[in-house]
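All remarks here apply to the structure that follows.
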Amino acid sequence: MQIAVFGATGRTGVPLVRQALDRGHDVVAFARSPEKLPVEDSALTVVEGDAYGGDGVAEAVAGADAVVSVLGQTDEGPDDLLTVAGDNVLAAMETAGVDRFVTLVGAGAREEGERVSLSGKAMGALLKLFARDVLDDAAEHVRRVGATDLDWTVVRAPRLTDGAGSGEYRAGDIDLGFESVARTDVARFVLDCVEEDLYLRAMPKVGSA
């Protein structure tokens with residue numbers, strides 16, 4: 001497959017790019033600063049651009065079999081990064097005729113009527129108190145993705161950690177609460193969703209095994 005990756009130079013994006021290449025895929029890595037991507041491979045193409053401004057997005061999406069977004073908020077970035085960048089990616093996908101989209105958000109993003117554990121409710125309350133902008137941005141991004149006709153999957157993860165991970169994960173309608181999960185394992189799940197068309201038009205959670 002040819003997979004376009006947004007957020008490729010981030011702490012989740014780098015292991016995702018590496019794993020996708022290891023699985024034999026062609027990868028188009030979208031990066032605002034290409035020099036920050038510590039990966040070289042004959043099957044890797046780097047497209048420089050700005051997902052928030054829209055520059056280069058169409059070029060990265062053209063010809064893709066699937067698009068993955070692992071963009072993340074930063075202290076210096078705009079409060080509506082996921083929403084605006086996501087809109088630009090979705091528009092480019094529509095123009096290019098690409099149907100498969102997998103996007104990563106925090107576990108604080110909820111489905112309507114979703115059952116939430118006590119620890120999940122506590123974590124949600126903390127996020128509303130200390131990271132309201134991040135939570136609102138993710139919620140709006142999810143709403144707009146869900147309103148499309150794409151074969152989308154919204155992957156929801158708790159606190160992400162660096163390191164090798166276990167190579168395994170739990171996924172689906174699971175309780176997360178205050179736990180954490182390795183970025184490498186989240187990347188593995190994201191790629192499994194892409195390859196196997198898992199959780200189409202659904203919002204699975206992913207956690208450590």
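Note on naming: chains are A, B, ... as they come in the structure tokens, residues start from 1 per chain, ligands start from 1 in the order shown.
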Non-local contacts of Pro204 (chain A) (9 Å; only C-alpha atoms; under 6 positions in same chain excluded) as a ChimeraX atom specification: /A:153-157,171-174
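Using only C-alpha atoms, the residues found no farther than 7 Å from region 85-98 of chain A, other than those of its own chain fewer than 2 positions away, are Ala51, Tyr52, Gly54, Val57, Ala58, Val61, Ala62, Ala64, Asp65, Ala66, Leu81, Leu82, Thr83, Arg100 and His141 of chain A.
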Written selection (N, CA, C and O atoms) as a PDB file, in the first residue's frame:
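As a result, selection27.pdb now contains:
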```pdb
ATOM      1  N   ALA A  51       0.365  21.320   7.322  1.00  0.00           N
ATOM      2  CA  ALA A  51      -0.995  20.768   7.322  1.00  0.00           C
ATOM      3  C   ALA A  51      -2.013  21.802   7.780  1.00  0.00           C
ATOM      4  O   ALA A  51      -3.149  21.823   7.297  1.00  0.00           O
ATOM      5  N   TYR A  52      -1.627  22.673   8.709  1.00  0.00           N
ATOM      6  CA  TYR A  52      -2.553  23.677   9.232  1.00  0.00           C
ATOM      7  C   TYR A  52      -2.872  24.719   8.164  1.00  0.00           C
ATOM      8  O   TYR A  52      -4.018  25.149   8.019  1.00  0.00           O
ATOM      9  N   GLY A  54      -2.358  24.140   4.913  1.00  0.00           N
ATOM     10  CA  GLY A  54      -2.795  23.419   3.726  1.00  0.00           C
ATOM     11  C   GLY A  54      -1.727  23.227   2.672  1.00  0.00           C
ATOM     12  O   GLY A  54      -1.936  22.485   1.711  1.00  0.00           O
ATOM     13  N   VAL A  57      -0.456  19.541   1.201  1.00  0.00           N
ATOM     14  CA  VAL A  57      -1.337  18.449   1.621  1.00  0.00           C
ATOM     15  C   VAL A  57      -1.816  17.638   0.420  1.00  0.00           C
ATOM     16  O   VAL A  57      -1.803  16.402   0.442  1.00  0.00           O
ATOM     17  N   ALA A  58      -2.245  18.308  -0.616  1.00  0.00           N
ATOM     18  CA  ALA A  58      -2.755  17.614  -1.805  1.00  0.00           C
ATOM     19  C   ALA A  58      -1.683  16.734  -2.429  1.00  0.00           C
ATOM     20  O   ALA A  58      -1.958  15.610  -2.879  1.00  0.00           O
ATOM     21  N   VAL A  61      -1.282  13.483  -0.382  1.00  0.00           N
ATOM     22  CA  VAL A  61      -2.434  12.574  -0.437  1.00  0.00           C
ATOM     23  C   VAL A  61      -2.586  11.921  -1.806  1.00  0.00           C
ATOM     24  O   VAL A  61      -3.060  10.776  -1.910  1.00  0.00           O
ATOM     25  N   ALA A  62      -2.177  12.610  -2.861  1.00  0.00           N
ATOM     26  CA  ALA A  62      -2.369  12.097  -4.224  1.00  0.00           C
ATOM     27  C   ALA A  62      -1.731  10.728  -4.388  1.00  0.00           C
ATOM     28  O   ALA A  62      -0.560  10.531  -4.070  1.00  0.00           O
ATOM     29  N   ALA A  64      -2.403   7.995  -2.745  1.00  0.00           N
ATOM     30  CA  ALA A  64      -2.374   7.174  -1.538  1.00  0.00           C
ATOM     31  C   ALA A  64      -3.511   6.148  -1.532  1.00  0.00           C
ATOM     32  O   ALA A  64      -4.595   6.401  -2.051  1.00  0.00           O
ATOM     33  N   ASP A  65      -3.245   4.993  -0.952  1.00  0.00           N
ATOM     34  CA  ASP A  65      -4.291   4.011  -0.691  1.00  0.00           C
ATOM     35  C   ASP A  65      -4.948   4.271   0.654  1.00  0.00           C
ATOM     36  O   ASP A  65      -6.100   3.886   0.879  1.00  0.00           O
ATOM     37  N   ALA A  66      -4.218   4.901   1.557  1.00  0.00           N
ATOM     38  CA  ALA A  66      -4.743   5.229   2.888  1.00  0.00           C
ATOM     39  C   ALA A  66      -3.992   6.434   3.422  1.00  0.00           C
ATOM     40  O   ALA A  66      -2.833   6.672   3.067  1.00  0.00           O
ATOM     41  N   LEU A  81      -5.532  22.817  15.957  1.00  0.00           N
ATOM     42  CA  LEU A  81      -4.676  22.139  14.986  1.00  0.00           C
ATOM     43  C   LEU A  81      -5.359  20.945  14.347  1.00  0.00           C
ATOM     44  O   LEU A  81      -5.379  20.812  13.119  1.00  0.00           O
ATOM     45  N   LEU A  82      -5.904  20.033  15.157  1.00  0.00           N
ATOM     46  CA  LEU A  82      -6.504  18.824  14.597  1.00  0.00           C
ATOM     47  C   LEU A  82      -7.688  19.145  13.698  1.00  0.00           C
ATOM     48  O   LEU A  82      -7.858  18.528  12.641  1.00  0.00           O
ATOM     49  N   THR A  83      -8.488  20.102  14.115  1.00  0.00           N
ATOM     50  CA  THR A  83      -9.675  20.461  13.342  1.00  0.00           C
ATOM     51  C   THR A  83      -9.306  21.055  11.993  1.00  0.00           C
ATOM     52  O   THR A  83      -9.792  20.612  10.937  1.00  0.00           O
ATOM     53  N   ARG A 100      -9.728   5.763   2.601  1.00  0.00           N
ATOM     54  CA  ARG A 100      -9.363   5.211   3.912  1.00  0.00           C
ATOM     55  C   ARG A 100      -8.608   6.226   4.742  1.00  0.00           C
ATOM     56  O   ARG A 100      -7.555   6.739   4.337  1.00  0.00           O
ATOM     57  N   HIS A 141     -12.702  17.720  15.679  1.00  0.00           N
ATOM     58  CA  HIS A 141     -12.080  16.940  14.605  1.00  0.00           C
ATOM     59  C   HIS A 141     -12.831  15.628  14.400  1.00  0.00           C
ATOM     60  O   HIS A 141     -13.154  15.262  13.263  1.00  0.00           O
TER      61      HIS A 141
END
```
Sel. of alpha helix (DSSP H) residues, region 6-100 of chain A, as JSON, numbers by chain: {"A": [13, 14, 15, 16, 17, 18, 19, 20, 21, 22, 57, 58, 59, 60, 61, 81, 82, 83, 84, 85, 86, 87, 88, 89, 90, 91, 92, 93, 94, 95, 96]}
Output file for the residues above (C-alpha atoms, as a PDB file, in the first residue's frame):
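To be explicit, this is the file written out as result_1.pdb:
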```pdb
ATOM      1  CA  GLY A  13       4.841   9.376  13.680  1.00  0.00           C
ATOM      2  CA  VAL A  14       8.465   8.225  13.545  1.00  0.00           C
ATOM      3  CA  PRO A  15       7.810   4.682  14.824  1.00  0.00           C
ATOM      4  CA  LEU A  16       4.717   4.506  12.625  1.00  0.00           C
ATOM      5  CA  VAL A  17       6.751   5.403   9.525  1.00  0.00           C
ATOM      6  CA  ARG A  18       9.431   2.863  10.448  1.00  0.00           C
ATOM      7  CA  GLN A  19       6.905   0.096  11.061  1.00  0.00           C
ATOM      8  CA  ALA A  20       5.056   0.826   7.821  1.00  0.00           C
ATOM      9  CA  LEU A  21       8.305   0.582   5.870  1.00  0.00           C
ATOM     10  CA  ASP A  22       9.230  -2.626   7.710  1.00  0.00           C
ATOM     11  CA  VAL A  57      -1.337  18.449   1.621  1.00  0.00           C
ATOM     12  CA  ALA A  58      -2.755  17.614  -1.805  1.00  0.00           C
ATOM     13  CA  GLU A  59       0.661  16.449  -3.018  1.00  0.00           C
ATOM     14  CA  ALA A  60       1.042  14.079  -0.057  1.00  0.00           C
ATOM     15  CA  VAL A  61      -2.434  12.574  -0.437  1.00  0.00           C
ATOM     16  CA  LEU A  81      -4.676  22.139  14.986  1.00  0.00           C
ATOM     17  CA  LEU A  82      -6.504  18.824  14.597  1.00  0.00           C
ATOM     18  CA  THR A  83      -9.675  20.461  13.342  1.00  0.00           C
ATOM     19  CA  VAL A  84      -8.119  22.767  10.739  1.00  0.00           C
ATOM     20  CA  ALA A  85      -5.367  20.402   9.581  1.00  0.00           C
ATOM     21  CA  GLY A  86      -7.902  17.597   9.510  1.00  0.00           C
ATOM     22  CA  ASP A  87     -10.225  19.637   7.296  1.00  0.00           C
ATOM     23  CA  ASN A  88      -7.367  20.237   4.872  1.00  0.00           C
ATOM     24  CA  VAL A  89      -6.518  16.533   4.756  1.00  0.00           C
ATOM     25  CA  LEU A  90     -10.162  15.497   4.330  1.00  0.00           C
ATOM     26  CA  ALA A  91     -10.648  17.975   1.486  1.00  0.00           C
ATOM     27  CA  ALA A  92      -7.523  16.711  -0.274  1.00  0.00           C
ATOM     28  CA  MET A  93      -8.699  13.113   0.140  1.00  0.00           C
ATOM     29  CA  GLU A  94     -12.056  13.942  -1.419  1.00  0.00           C
ATOM     30  CA  THR A  95     -10.362  15.605  -4.383  1.00  0.00           C
ATOM     31  CA  ALA A  96      -7.944  12.699  -4.846  1.00  0.00           C
TER      32      ALA A  96
END
```
Residue set, region 4-204 of chain A restricted to strand (DSSP E), as a count of residues only: 42
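The shortest atom-to-atom distance to Gln73 (chain A), with only C-alpha atoms taken into account, belongs to A:Gly106 out of A:Asp55, A:Gly106, A:Glu179, A:Val39.
With only C-alpha atoms as the atoms that count, the minimum distance from Pro34 (chain A) to the choices A:Val206, A:Ala8, A:Cys193, A:Leu150 is reached by A:Ala8.
Distance check against Val67 (chain A) using only C-alpha atoms: of A:Asp99, A:Glu35, A:Asp175, A:Glu196, the minimum falls on A:Asp99.
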Residue nearest Pro78 (chain A) among A:Phe30, A:Val145, A:Pro38, A:Asp133 (counting only C-alpha atoms): A:Asp133
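Proximity of A:Ser33, A:Gln2, A:Thr45, A:Thr9 to Val70 (chain A), computed with only C-alpha atoms, is greatest for A:Thr9.
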